[in-house]
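Q: File entry-v2.pdb follows (PDB, C-alpha atoms and all ligand atoms):
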```
MODEL        1
ATOM      1  CA  MET A   1     105.762 125.464 111.042  1.00  0.00           C
ATOM      2  CA  LYS A   2     108.632 125.117 113.498  1.00  0.00           C
ATOM      3  CA  LEU A   3     112.137 125.193 112.039  1.00  0.00           C
ATOM      4  CA  TYR A   4     115.071 123.798 113.982  1.00  0.00           C
ATOM      5  CA  ILE A   5     118.492 124.428 112.498  1.00  0.00           C
ATOM      6  CA  VAL A   6     120.969 122.089 114.154  1.00  0.00           C
ATOM      7  CA  LYS A   7     124.704 121.592 113.869  1.00  0.00           C
ATOM      8  CA  ASP A   8     124.965 118.342 111.953  1.00  0.00           C
ATOM      9  CA  TYR A   9     123.476 114.948 111.060  1.00  0.00           C
ATOM     10  CA  ASP A  10     123.861 113.601 114.597  1.00  0.00           C
ATOM     11  CA  GLU A  11     122.016 116.530 116.161  1.00  0.00           C
ATOM     12  CA  MET A  12     119.311 116.260 113.505  1.00  0.00           C
ATOM     13  CA  SER A  13     118.921 112.552 114.262  1.00  0.00           C
ATOM     14  CA  GLU A  14     118.636 113.129 117.987  1.00  0.00           C
ATOM     15  CA  LYS A  15     116.079 115.909 117.559  1.00  0.00           C
ATOM     16  CA  VAL A  16     113.947 113.819 115.185  1.00  0.00           C
ATOM     17  CA  ALA A  17     114.140 110.778 117.475  1.00  0.00           C
ATOM     18  CA  ASP A  18     113.141 112.902 120.467  1.00  0.00           C
ATOM     19  CA  VAL A  19     110.066 114.223 118.647  1.00  0.00           C
ATOM     20  CA  ILE A  20     109.027 110.698 117.612  1.00  0.00           C
ATOM     21  CA  ALA A  21     109.713 109.300 121.093  1.00  0.00           C
ATOM     22  CA  SER A  22     107.629 112.064 122.705  1.00  0.00           C
ATOM     23  CA  GLN A  23     104.781 111.344 120.310  1.00  0.00           C
ATOM     24  CA  ILE A  24     104.815 107.634 121.254  1.00  0.00           C
ATOM     25  CA  ILE A  25     104.992 108.410 124.981  1.00  0.00           C
ATOM     26  CA  LEU A  26     101.974 110.718 124.680  1.00  0.00           C
ATOM     27  CA  LYS A  27     100.039 108.302 122.448  1.00  0.00           C
ATOM     28  CA  PRO A  28     101.303 104.720 122.778  1.00  0.00           C
ATOM     29  CA  ASP A  29      99.100 103.503 119.891  1.00  0.00           C
ATOM     30  CA  THR A  30     100.577 106.110 117.536  1.00  0.00           C
ATOM     31  CA  VAL A  31     100.466 105.522 113.786  1.00  0.00           C
ATOM     32  CA  LEU A  32     103.857 106.467 112.395  1.00  0.00           C
ATOM     33  CA  GLY A  33     104.378 107.232 108.717  1.00  0.00           C
ATOM     34  CA  LEU A  34     107.986 106.270 108.033  1.00  0.00           C
ATOM     35  CA  ALA A  35     110.645 106.910 105.417  1.00  0.00           C
ATOM     36  CA  THR A  36     113.703 105.001 104.254  1.00  0.00           C
ATOM     37  CA  GLY A  37     116.969 106.449 102.914  1.00  0.00           C
ATOM     38  CA  THR A  38     120.099 107.775 104.577  1.00  0.00           C
ATOM     39  CA  THR A  39     118.386 110.615 106.408  1.00  0.00           C
ATOM     40  CA  PRO A  40     116.368 108.669 109.038  1.00  0.00           C
ATOM     41  CA  ILE A  41     118.956 105.989 109.894  1.00  0.00           C
ATOM     42  CA  GLY A  42     120.481 108.019 112.752  1.00  0.00           C
ATOM     43  CA  ALA A  43     117.052 108.790 114.200  1.00  0.00           C
ATOM     44  CA  TYR A  44     116.088 105.098 113.986  1.00  0.00           C
ATOM     45  CA  ASP A  45     119.329 104.190 115.800  1.00  0.00           C
ATOM     46  CA  LYS A  46     118.412 106.598 118.607  1.00  0.00           C
ATOM     47  CA  LEU A  47     114.888 105.170 118.832  1.00  0.00           C
ATOM     48  CA  ILE A  48     116.360 101.657 119.088  1.00  0.00           C
ATOM     49  CA  GLU A  49     118.558 102.919 121.937  1.00  0.00           C
ATOM     50  CA  TYR A  50     115.576 104.529 123.722  1.00  0.00           C
ATOM     51  CA  ASN A  51     113.571 101.331 123.270  1.00  0.00           C
ATOM     52  CA  SER A  52     116.343  99.158 124.720  1.00  0.00           C
ATOM     53  CA  GLN A  53     116.624 101.546 127.679  1.00  0.00           C
ATOM     54  CA  GLY A  54     112.890 101.173 128.309  1.00  0.00           C
ATOM     55  CA  LYS A  55     112.189 104.824 127.515  1.00  0.00           C
ATOM     56  CA  VAL A  56     109.913 104.172 124.516  1.00  0.00           C
ATOM     57  CA  ASP A  57     107.566 101.261 124.005  1.00  0.00           C
ATOM     58  CA  PHE A  58     106.646 100.274 120.440  1.00  0.00           C
ATOM     59  CA  SER A  59     104.262  97.472 121.400  1.00  0.00           C
ATOM     60  CA  GLU A  60     101.132  99.408 120.404  1.00  0.00           C
ATOM     61  CA  VAL A  61     102.671 101.462 117.578  1.00  0.00           C
ATOM     62  CA  LYS A  62     101.560 100.893 113.989  1.00  0.00           C
ATOM     63  CA  THR A  63     103.538 101.999 110.953  1.00  0.00           C
ATOM     64  CA  VAL A  64     102.864 102.767 107.306  1.00  0.00           C
ATOM     65  CA  ASN A  65     105.860 103.417 105.107  1.00  0.00           C
ATOM     66  CA  LEU A  66     105.867 105.915 102.292  1.00  0.00           C
ATOM     67  CA  ASP A  67     107.059 103.815  99.429  1.00  0.00           C
ATOM     68  CA  GLU A  68     108.628 100.725  97.909  1.00  0.00           C
ATOM     69  CA  TYR A  69     110.430  99.923  94.685  1.00  0.00           C
ATOM     70  CA  TRP A  70     108.228  98.238  92.120  1.00  0.00           C
ATOM     71  CA  GLY A  71     109.387  94.791  90.974  1.00  0.00           C
ATOM     72  CA  ILE A  72     111.596  94.048  93.989  1.00  0.00           C
ATOM     73  CA  ALA A  73     110.731  91.306  96.489  1.00  0.00           C
ATOM     74  CA  PRO A  74     110.490  92.138 100.209  1.00  0.00           C
ATOM     75  CA  ASP A  75     113.532  89.960 100.963  1.00  0.00           C
ATOM     76  CA  HIS A  76     115.694  91.716  98.319  1.00  0.00           C
ATOM     77  CA  GLU A  77     118.481  93.585 100.128  1.00  0.00           C
ATOM     78  CA  GLN A  78     117.544  96.853  98.448  1.00  0.00           C
ATOM     79  CA  SER A  79     113.828  96.628  99.121  1.00  0.00           C
ATOM     80  CA  TYR A  80     112.440  99.166 101.521  1.00  0.00           C
ATOM     81  CA  ARG A  81     110.864  96.339 103.549  1.00  0.00           C
ATOM     82  CA  TYR A  82     114.354  94.871 104.024  1.00  0.00           C
ATOM     83  CA  PHE A  83     115.683  98.322 104.965  1.00  0.00           C
ATOM     84  CA  MET A  84     112.980  98.910 107.581  1.00  0.00           C
ATOM     85  CA  ASP A  85     113.392  95.435 109.096  1.00  0.00           C
ATOM     86  CA  LYS A  86     117.142  95.964 109.330  1.00  0.00           C
ATOM     87  CA  HIS A  87     117.180  99.548 110.586  1.00  0.00           C
ATOM     88  CA  LEU A  88     114.155  99.548 112.888  1.00  0.00           C
ATOM     89  CA  PHE A  89     111.438  96.905 112.971  1.00  0.00           C
ATOM     90  CA  LYS A  90     113.547  93.891 113.987  1.00  0.00           C
ATOM     91  CA  ARG A  91     115.356  95.938 116.632  1.00  0.00           C
ATOM     92  CA  VAL A  92     112.423  97.362 118.625  1.00  0.00           C
ATOM     93  CA  ASN A  93     109.439  95.678 120.270  1.00  0.00           C
ATOM     94  CA  ILE A  94     106.977  96.442 117.481  1.00  0.00           C
ATOM     95  CA  PRO A  95     104.745  93.519 116.443  1.00  0.00           C
ATOM     96  CA  TYR A  96     105.724  92.655 112.892  1.00  0.00           C
ATOM     97  CA  SER A  97     102.066  92.558 111.878  1.00  0.00           C
ATOM     98  CA  SER A  98     101.771  96.252 112.837  1.00  0.00           C
ATOM     99  CA  THR A  99     104.269  97.301 110.154  1.00  0.00           C
ATOM    100  CA  ASN A 100     103.032  98.087 106.655  1.00  0.00           C
ATOM    101  CA  LEU A 101     104.703  98.832 103.337  1.00  0.00           C
ATOM    102  CA  PRO A 102     103.415  98.699  99.797  1.00  0.00           C
ATOM    103  CA  ASN A 103     104.159  95.347  98.134  1.00  0.00           C
ATOM    104  CA  GLY A 104     106.414  95.922  95.132  1.00  0.00           C
ATOM    105  CA  MET A 105     105.715  92.398  93.877  1.00  0.00           C
ATOM    106  CA  ALA A 106     101.926  92.504  94.030  1.00  0.00           C
ATOM    107  CA  PRO A 107     100.281  90.990  90.943  1.00  0.00           C
ATOM    108  CA  GLY A 108      98.402  94.153  89.965  1.00  0.00           C
ATOM    109  CA  LYS A 109      99.625  97.735  90.188  1.00  0.00           C
ATOM    110  CA  GLU A 110      96.220  99.380  90.477  1.00  0.00           C
ATOM    111  CA  GLU A 111      94.967  96.806  92.977  1.00  0.00           C
ATOM    112  CA  GLU A 112      98.048  97.291  95.143  1.00  0.00           C
ATOM    113  CA  CYS A 113      97.591 101.086  95.139  1.00  0.00           C
ATOM    114  CA  VAL A 114      93.963 100.681  96.273  1.00  0.00           C
ATOM    115  CA  ARG A 115      94.977  98.082  98.874  1.00  0.00           C
ATOM    116  CA  TYR A 116      97.621 100.380 100.358  1.00  0.00           C
ATOM    117  CA  ASP A 117      95.241 103.334 100.643  1.00  0.00           C
ATOM    118  CA  THR A 118      92.844 101.007 102.444  1.00  0.00           C
ATOM    119  CA  VAL A 119      95.638  99.959 104.829  1.00  0.00           C
ATOM    120  CA  ILE A 120      96.296 103.630 105.632  1.00  0.00           C
ATOM    121  CA  SER A 121      92.633 104.378 106.269  1.00  0.00           C
ATOM    122  CA  ASP A 122      92.149 101.131 108.251  1.00  0.00           C
ATOM    123  CA  VAL A 123      94.870 102.151 110.724  1.00  0.00           C
ATOM    124  CA  GLY A 124      92.994 105.426 111.145  1.00  0.00           C
ATOM    125  CA  GLY A 125      95.361 107.725 109.265  1.00  0.00           C
ATOM    126  CA  ILE A 126      98.791 108.905 110.314  1.00  0.00           C
ATOM    127  CA  ASP A 127      99.617 110.638 113.592  1.00  0.00           C
ATOM    128  CA  LEU A 128     103.220 111.533 112.769  1.00  0.00           C
ATOM    129  CA  GLN A 129     104.690 111.398 109.287  1.00  0.00           C
ATOM    130  CA  LEU A 130     108.477 111.407 109.012  1.00  0.00           C
ATOM    131  CA  LEU A 131     109.810 112.678 105.684  1.00  0.00           C
ATOM    132  CA  GLY A 132     113.187 112.991 104.027  1.00  0.00           C
ATOM    133  CA  LEU A 133     113.639 115.244 101.011  1.00  0.00           C
ATOM    134  CA  GLY A 134     114.971 114.255  97.593  1.00  0.00           C
ATOM    135  CA  HIS A 135     117.580 116.376  95.822  1.00  0.00           C
ATOM    136  CA  ASN A 136     114.846 117.294  93.363  1.00  0.00           C
ATOM    137  CA  GLY A 137     112.390 118.125  96.152  1.00  0.00           C
ATOM    138  CA  HIS A 138     110.557 114.788  96.095  1.00  0.00           C
ATOM    139  CA  ILE A 139     108.740 113.508  99.171  1.00  0.00           C
ATOM    140  CA  GLY A 140     108.098 109.783  99.321  1.00  0.00           C
ATOM    141  CA  PHE A 141     108.503 108.977  95.657  1.00  0.00           C
ATOM    142  CA  ASN A 142     106.267 111.850  94.608  1.00  0.00           C
ATOM    143  CA  GLU A 143     108.589 113.086  91.888  1.00  0.00           C
ATOM    144  CA  PRO A 144     108.433 116.536  90.226  1.00  0.00           C
ATOM    145  CA  ASP A 145     105.386 116.425  87.978  1.00  0.00           C
ATOM    146  CA  GLY A 146     102.570 118.451  86.473  1.00  0.00           C
ATOM    147  CA  ILE A 147     100.124 117.639  89.284  1.00  0.00           C
ATOM    148  CA  PHE A 148     100.100 116.517  92.898  1.00  0.00           C
ATOM    149  CA  TYR A 149      98.793 112.943  93.291  1.00  0.00           C
ATOM    150  CA  LYS A 150      96.651 112.528  96.383  1.00  0.00           C
ATOM    151  CA  ASP A 151      96.457 108.727  96.513  1.00  0.00           C
ATOM    152  CA  THR A 152      98.930 105.866  96.312  1.00  0.00           C
ATOM    153  CA  HIS A 153     100.254 105.556  92.777  1.00  0.00           C
ATOM    154  CA  ILE A 154     102.992 104.087  90.606  1.00  0.00           C
ATOM    155  CA  VAL A 155     105.760 106.463  89.541  1.00  0.00           C
ATOM    156  CA  ASP A 156     108.465 106.411  86.938  1.00  0.00           C
ATOM    157  CA  LEU A 157     111.579 107.452  88.823  1.00  0.00           C
ATOM    158  CA  THR A 158     113.435 110.439  87.398  1.00  0.00           C
ATOM    159  CA  GLN A 159     116.967 110.050  86.108  1.00  0.00           C
ATOM    160  CA  SER A 160     118.343 112.054  89.057  1.00  0.00           C
ATOM    161  CA  THR A 161     116.605 109.762  91.565  1.00  0.00           C
ATOM    162  CA  ILE A 162     117.831 106.646  89.732  1.00  0.00           C
ATOM    163  CA  GLU A 163     121.354 108.061  89.832  1.00  0.00           C
ATOM    164  CA  ALA A 164     121.089 109.045  93.515  1.00  0.00           C
ATOM    165  CA  ASN A 165     119.804 105.563  94.431  1.00  0.00           C
ATOM    166  CA  SER A 166     122.336 103.692  92.294  1.00  0.00           C
ATOM    167  CA  ARG A 167     124.898 104.037  95.106  1.00  0.00           C
ATOM    168  CA  LEU A 168     123.071 101.210  96.863  1.00  0.00           C
ATOM    169  CA  PHE A 169     122.927  98.830  93.891  1.00  0.00           C
ATOM    170  CA  ALA A 170     125.688  96.814  92.212  1.00  0.00           C
ATOM    171  CA  SER A 171     125.120  98.694  88.962  1.00  0.00           C
ATOM    172  CA  MET A 172     122.917 101.404  87.509  1.00  0.00           C
ATOM    173  CA  ASP A 173     121.041  98.768  85.459  1.00  0.00           C
ATOM    174  CA  GLU A 174     119.822  97.103  88.634  1.00  0.00           C
ATOM    175  CA  VAL A 175     118.118 100.229  89.999  1.00  0.00           C
ATOM    176  CA  PRO A 176     114.362  99.831  89.570  1.00  0.00           C
ATOM    177  CA  ARG A 177     112.760 102.324  87.194  1.00  0.00           C
ATOM    178  CA  GLN A 178     109.438 102.412  88.998  1.00  0.00           C
ATOM    179  CA  ALA A 179     108.194 102.687  92.554  1.00  0.00           C
ATOM    180  CA  ILE A 180     104.885 102.647  94.382  1.00  0.00           C
ATOM    181  CA  THR A 181     104.380 105.607  96.675  1.00  0.00           C
ATOM    182  CA  MET A 182     101.864 107.044  99.067  1.00  0.00           C
ATOM    183  CA  GLY A 183     100.320 110.161  97.566  1.00  0.00           C
ATOM    184  CA  VAL A 184     100.397 113.561  99.238  1.00  0.00           C
ATOM    185  CA  GLY A 185      96.889 113.025 100.709  1.00  0.00           C
ATOM    186  CA  PRO A 186      97.775 110.898 103.762  1.00  0.00           C
ATOM    187  CA  VAL A 187     100.998 112.864 104.281  1.00  0.00           C
ATOM    188  CA  MET A 188      99.165 116.181 104.425  1.00  0.00           C
ATOM    189  CA  SER A 189      96.397 114.663 106.592  1.00  0.00           C
ATOM    190  CA  ALA A 190      98.923 113.471 109.182  1.00  0.00           C
ATOM    191  CA  LYS A 191      98.441 115.234 112.504  1.00  0.00           C
ATOM    192  CA  LEU A 192     102.123 116.174 112.492  1.00  0.00           C
ATOM    193  CA  VAL A 193     104.743 116.089 109.739  1.00  0.00           C
ATOM    194  CA  VAL A 194     108.448 115.985 110.595  1.00  0.00           C
ATOM    195  CA  LEU A 195     110.767 116.836 107.709  1.00  0.00           C
ATOM    196  CA  ALA A 196     114.412 115.902 108.280  1.00  0.00           C
ATOM    197  CA  VAL A 197     117.059 117.307 105.944  1.00  0.00           C
ATOM    198  CA  SER A 198     120.832 116.995 106.065  1.00  0.00           C
ATOM    199  CA  GLY A 199     123.741 118.060 103.891  1.00  0.00           C
ATOM    200  CA  GLU A 200     124.540 120.803 101.416  1.00  0.00           C
ATOM    201  CA  GLY A 201     123.204 118.734  98.515  1.00  0.00           C
ATOM    202  CA  LYS A 202     119.691 119.281  99.887  1.00  0.00           C
ATOM    203  CA  ALA A 203     119.991 123.050 100.461  1.00  0.00           C
ATOM    204  CA  LYS A 204     118.324 124.111  97.207  1.00  0.00           C
ATOM    205  CA  ALA A 205     115.522 121.546  97.528  1.00  0.00           C
ATOM    206  CA  LEU A 206     114.842 122.720 101.078  1.00  0.00           C
ATOM    207  CA  ARG A 207     114.802 126.392 100.112  1.00  0.00           C
ATOM    208  CA  ASP A 208     112.519 125.710  97.127  1.00  0.00           C
ATOM    209  CA  SER A 209     110.231 123.569  99.294  1.00  0.00           C
ATOM    210  CA  LEU A 210     109.854 126.068 102.119  1.00  0.00           C
ATOM    211  CA  SER A 211     109.972 129.397 100.343  1.00  0.00           C
ATOM    212  CA  GLY A 212     109.437 128.900  96.618  1.00  0.00           C
ATOM    213  CA  PRO A 213     106.075 128.663  94.873  1.00  0.00           C
ATOM    214  CA  VAL A 214     103.774 125.787  95.877  1.00  0.00           C
ATOM    215  CA  THR A 215     104.077 123.608  92.801  1.00  0.00           C
ATOM    216  CA  PRO A 216     104.121 119.882  91.934  1.00  0.00           C
ATOM    217  CA  LYS A 217     107.422 120.624  90.204  1.00  0.00           C
ATOM    218  CA  VAL A 218     108.830 120.794  93.753  1.00  0.00           C
ATOM    219  CA  PRO A 219     106.711 118.199  95.600  1.00  0.00           C
ATOM    220  CA  GLY A 220     108.031 119.255  99.025  1.00  0.00           C
ATOM    221  CA  SER A 221     106.542 122.717  98.470  1.00  0.00           C
ATOM    222  CA  ILE A 222     103.093 121.332  99.334  1.00  0.00           C
ATOM    223  CA  LEU A 223     104.305 121.278 102.943  1.00  0.00           C
ATOM    224  CA  GLN A 224     103.825 125.052 102.969  1.00  0.00           C
ATOM    225  CA  LEU A 225     100.105 124.263 103.343  1.00  0.00           C
ATOM    226  CA  LYS A 226     100.794 122.360 106.571  1.00  0.00           C
ATOM    227  CA  ASP A 227     100.777 124.258 109.875  1.00  0.00           C
ATOM    228  CA  GLU A 228     101.657 121.194 111.945  1.00  0.00           C
ATOM    229  CA  LEU A 229     105.096 120.850 110.394  1.00  0.00           C
ATOM    230  CA  ILE A 230     108.430 120.486 112.163  1.00  0.00           C
ATOM    231  CA  VAL A 231     111.498 120.935 109.959  1.00  0.00           C
ATOM    232  CA  VAL A 232     114.805 119.723 111.373  1.00  0.00           C
ATOM    233  CA  ALA A 233     117.663 120.766 109.100  1.00  0.00           C
ATOM    234  CA  ASP A 234     121.372 120.765 109.731  1.00  0.00           C
ATOM    235  CA  ARG A 235     123.386 123.887 108.978  1.00  0.00           C
ATOM    236  CA  GLU A 236     124.476 122.698 105.555  1.00  0.00           C
ATOM    237  CA  ALA A 237     120.944 121.908 104.451  1.00  0.00           C
ATOM    238  CA  ALA A 238     119.667 125.202 105.871  1.00  0.00           C
ATOM    239  CA  ALA A 239     122.401 127.280 104.199  1.00  0.00           C
ATOM    240  CA  LEU A 240     120.082 128.853 101.602  1.00  0.00           C
ATOM    241  CA  LEU A 241     117.133 129.582 103.898  1.00  0.00           C
TER
HETATM  242  C1  LIG B 301     112.270 107.139 101.069  1.00  0.00           C
HETATM  243  C2  LIG B 301     111.688 108.393 100.648  1.00  0.00           C
HETATM  244  C3  LIG B 301     112.482 109.406  99.918  1.00  0.00           C
HETATM  245  C4  LIG B 301     113.712 109.856 100.695  1.00  0.00           C
HETATM  246  C5  LIG B 301     114.506 110.887  99.896  1.00  0.00           C
HETATM  247  C6  LIG B 301     115.772 111.290 100.616  1.00  0.00           C
HETATM  248  O1  LIG B 301     111.319 106.328 101.719  1.00  0.00           O
HETATM  249  O2  LIG B 301     110.551 108.593 100.911  1.00  0.00           O
HETATM  250  O3  LIG B 301     111.663 110.515  99.628  1.00  0.00           O
HETATM  251  O4  LIG B 301     113.298 110.416 101.910  1.00  0.00           O
HETATM  252  O5  LIG B 301     114.856 110.355  98.651  1.00  0.00           O
HETATM  253  O6  LIG B 301     116.632 110.183 100.649  1.00  0.00           O
HETATM  254  P1  LIG B 301     117.958 110.201 101.507  1.00  0.00           P
HETATM  255  O7  LIG B 301     117.544 110.275 102.928  1.00  0.00           O
HETATM  256  O8  LIG B 301     118.635 108.899 101.194  1.00  0.00           O
HETATM  257  O9  LIG B 301     118.750 111.394 101.079  1.00  0.00           O
ENDMDL
END
```
Take the structure from the file and write it as structure tokens.

A:
Amino acid sequence: MKLYIVKDYDEMSEKVADVIASQIILKPDTVLGLATGTTPIGAYDKLIEYNSQGKVDFSEVKTVNLDEYWGIAPDHEQSYRYFMDKHLFKRVNIPYSSTNLPNGMAPGKEEECVRYDTVISDVGGIDLQLLGLGHNGHIGFNEPDGIFYKDTHIVDLTQSTIEANSRLFASMDEVPRQAITMGVGPVMSAKLVVLAVSGEGKAKALRDSLSGPVTPKVPGSILQLKDELIVVADREAAALL
């Protein structure tokens, strides 16, 4: 593991973008595993800048996102598909057909989980997986639980995640109660994992993930089994390390 402690969100974003950009320069047909949420927006902005300056070419890149709300259509403003289109895909030269997310409106839950695992294996697995960290230590939507789930699965979101995500919805009632998420299998099989963490609210989750016991009660703790891990944390998030 390499740990970079940086000053603030902007420095974290630049560092993360530089790692992703370097990966794409070295391997233009990189498969990126991507996350949504507040954490990666700054890094995506930087990548858009690098792309417009001709420094990074997304034309051969493929992407698989971690997760999607269940029961929300791709064109819903709070869907993760909408988020990715808005914050990255429609602003770089990536072919739209090379971008993949689970479909939260698929007719069958089990079938959609199997389909998404097939998508991940069909692209050849993930070269670089970008992760944010939930306040409760979740990665993707792998919430604290009794076991680690290896494959794509449906999750009931915890109350704390529903509350954290409600800031983006008109009311708490509108926040979906379920999501579909990649399991820890493809994340841990990625050639490189980049964990980005910002803000004091994440300090305990980061400490528990990196130095507590490896337990599904803190999903991020499984990253302790990953040598090829880069953690980029700002000072506030790293305060308890
Ligand atoms: C989103 C995802 C989540 C977020 C986490 C942190 O695709 O996988 O695990 O990374 O909830 O969210 P933010 O960045 O909004 O604090």

Q: Using only C-alpha atoms, find the one residue out of A:Thr63, A:Ser209, A:Thr38, A:Thr215 that sits nearest to Asp127 in chain A.

A: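 Nearest to Asp127 in chain A: A:Thr63.
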
Q: Just how far from CA of Lys62 in chain A is CA of Glu228 in chain A, in Å to one decimal?

A: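 So the answer is 20.4 Å.
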
Q: Which polymer residues have any atom within 7 Å of an atom of range 231-235 of chain A, counting all atoms listed in the file, with same-chain residues fewer than 4 positions away left out, as a PyMOL selection string?

A: chain A and resi 2-9+12+194-199+239

Q: Contacts between ligand LIG 301 (chain B) and chain A, please, where a residue of chain A counts if it comes within 8 Å (with all atoms listed in the file); show its shortest atom pair and distance in Å to one decimal, rows by chain and ascending number, as CSV.

A:
```
residue,atom,partner,partner_atom,distance
A:Leu34,CA,B:LIG301,O1,7.1
A:Ala35,CA,B:LIG301,O1,3.8
A:Thr36,CA,B:LIG301,O1,3.7
A:Gly37,CA,B:LIG301,O8,3.4
A:Thr38,CA,B:LIG301,O8,3.9
A:Thr39,CA,B:LIG301,O7,3.6
A:Pro40,CA,B:LIG301,O7,6.4
A:Asn65,CA,B:LIG301,O1,7.1
A:Leu66,CA,B:LIG301,O1,5.5
A:Asp67,CA,B:LIG301,O1,5.5
A:Glu68,CA,B:LIG301,O1,7.3
A:Tyr80,CA,B:LIG301,O1,7.3
A:Leu131,CA,B:LIG301,O4,5.6
A:Gly132,CA,B:LIG301,O4,3.3
A:Leu133,CA,B:LIG301,C6,4.5
A:Gly134,CA,B:LIG301,O5,4.0
A:His135,CA,B:LIG301,O5,7.2
A:His138,CA,B:LIG301,O3,5.7
A:Ile139,CA,B:LIG301,O3,4.2
A:Gly140,CA,B:LIG301,O2,3.2
A:Phe141,CA,B:LIG301,O3,5.3
A:Asn142,CA,B:LIG301,O3,7.5
A:Thr161,CA,B:LIG301,O5,7.3
A:Asn165,CA,B:LIG301,O8,7.6
A:Val197,CA,B:LIG301,O7,7.7
A:Ser198,CA,B:LIG301,O9,7.8
```

Q: Can you spit out the residues from that selection as an mmCIF file, keeping the file's coordinate frame, using C-alpha atoms?

A:
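Result file follows (result-v7.cif):
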```
data_model
loop_
_atom_site.group_PDB
_atom_site.id
_atom_site.type_symbol
_atom_site.label_atom_id
_atom_site.label_comp_id
_atom_site.auth_asym_id
_atom_site.auth_seq_id
_atom_site.Cartn_x
_atom_site.Cartn_y
_atom_site.Cartn_z
ATOM 1 C CA LEU A 34 107.986 106.270 108.033
ATOM 2 C CA ALA A 35 110.645 106.910 105.417
ATOM 3 C CA THR A 36 113.703 105.001 104.254
ATOM 4 C CA GLY A 37 116.969 106.449 102.914
ATOM 5 C CA THR A 38 120.099 107.775 104.577
ATOM 6 C CA THR A 39 118.386 110.615 106.408
ATOM 7 C CA PRO A 40 116.368 108.669 109.038
ATOM 8 C CA ASN A 65 105.860 103.417 105.107
ATOM 9 C CA LEU A 66 105.867 105.915 102.292
ATOM 10 C CA ASP A 67 107.059 103.815 99.429
ATOM 11 C CA GLU A 68 108.628 100.725 97.909
ATOM 12 C CA TYR A 80 112.440 99.166 101.521
ATOM 13 C CA LEU A 131 109.810 112.678 105.684
ATOM 14 C CA GLY A 132 113.187 112.991 104.027
ATOM 15 C CA LEU A 133 113.639 115.244 101.011
ATOM 16 C CA GLY A 134 114.971 114.255 97.593
ATOM 17 C CA HIS A 135 117.580 116.376 95.822
ATOM 18 C CA HIS A 138 110.557 114.788 96.095
ATOM 19 C CA ILE A 139 108.740 113.508 99.171
ATOM 20 C CA GLY A 140 108.098 109.783 99.321
ATOM 21 C CA PHE A 141 108.503 108.977 95.657
ATOM 22 C CA ASN A 142 106.267 111.850 94.608
ATOM 23 C CA THR A 161 116.605 109.762 91.565
ATOM 24 C CA ASN A 165 119.804 105.563 94.431
ATOM 25 C CA VAL A 197 117.059 117.307 105.944
ATOM 26 C CA SER A 198 120.832 116.995 106.065
#
```

Q: One number please: CA of Glu14 in chain A to CA of Glu49 in chain A, in Å, one decimal.

A: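 Distance reported for this atom pair: 10.9 Å.
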
Q: Given the choices A:Val214, A:Ile126, A:Leu88, A:Ile120, which gets closest to Val31 in chain A if the distance is worked out from all atoms listed in the file?

A: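 For Val31 in chain A, the nearest of the given residues is A:Ile126.
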
Q: Can you give me, as a PyMOL selection string, the residues this file yields under the PyMOL selection byres (((chain A and resi 114) around 12) and not hetatm)?

A: chain A and resi 102-103+106+108-113+115-121+151-154+180-183

Q: Neighbours of Asp45 in chain A within 9 Å (only C-alpha atoms; same-chain residues fewer than 3 positions away dropped), as a list in words?

A: Ser13, Ala17, Pro40, Ile41, Gly42, Ile48, Glu49, Tyr50, His87 and Leu88 of chain A

Q: Determine, counting only C-alpha atoms, which protein, DNA and RNA residues have an atom within 9 Å of an atom of Leu128 in chain A; residues of the same chain fewer than 3 positions away are not included. Present the result as a PyMOL selection string.

A: chain A and resi 20+23+30-34+187+190-194

Q: Using only C-alpha atoms, give me every residue within 12 Å of (101.9, 94.8, 115.4) in file coordinates, as a PyMOL selection string.

A: chain A and resi 29-31+58-64+89-90+92-100+123

Q: What separation in Å, quoted to one decimal, exists between CA of Glu200 in chain A and CA of Gly185 in chain A?

A: 28.7 Å

Q: Take the PyMOL selection byres (((chain A and resi 204) around 9) and not hetatm), run it mentally on this structure, and tell me the resulting residues as a PyMOL selection string.

A: chain A and resi 135-137+200-203+205-209+237-241

Q: If you keep C-alpha atoms, can you produce a file of those selected residues as a PDB file, in the coordinates of the input?

A:
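result_19.pdb, written as the output of this step:
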```pdb
ATOM      1  CA  HIS A 135     117.580 116.376  95.822  1.00  0.00           C
ATOM      2  CA  ASN A 136     114.846 117.294  93.363  1.00  0.00           C
ATOM      3  CA  GLY A 137     112.390 118.125  96.152  1.00  0.00           C
ATOM      4  CA  GLU A 200     124.540 120.803 101.416  1.00  0.00           C
ATOM      5  CA  GLY A 201     123.204 118.734  98.515  1.00  0.00           C
ATOM      6  CA  LYS A 202     119.691 119.281  99.887  1.00  0.00           C
ATOM      7  CA  ALA A 203     119.991 123.050 100.461  1.00  0.00           C
ATOM      8  CA  ALA A 205     115.522 121.546  97.528  1.00  0.00           C
ATOM      9  CA  LEU A 206     114.842 122.720 101.078  1.00  0.00           C
ATOM     10  CA  ARG A 207     114.802 126.392 100.112  1.00  0.00           C
ATOM     11  CA  ASP A 208     112.519 125.710  97.127  1.00  0.00           C
ATOM     12  CA  SER A 209     110.231 123.569  99.294  1.00  0.00           C
ATOM     13  CA  ALA A 237     120.944 121.908 104.451  1.00  0.00           C
ATOM     14  CA  ALA A 238     119.667 125.202 105.871  1.00  0.00           C
ATOM     15  CA  ALA A 239     122.401 127.280 104.199  1.00  0.00           C
ATOM     16  CA  LEU A 240     120.082 128.853 101.602  1.00  0.00           C
ATOM     17  CA  LEU A 241     117.133 129.582 103.898  1.00  0.00           C
TER      18      LEU A 241
END
```

Q: With 4 Å added on each side, what axis-aligned box encloses every listed atom of range 209-222 of chain A? Give the centre and edge lengths in Å to one decimal, as lines of an AutoDock Vina configuration file.

A:
```
center_x = 106.7
center_y = 123.8
center_z = 96.2
size_x = 15.1
size_y = 19.2
size_z = 19.9
```
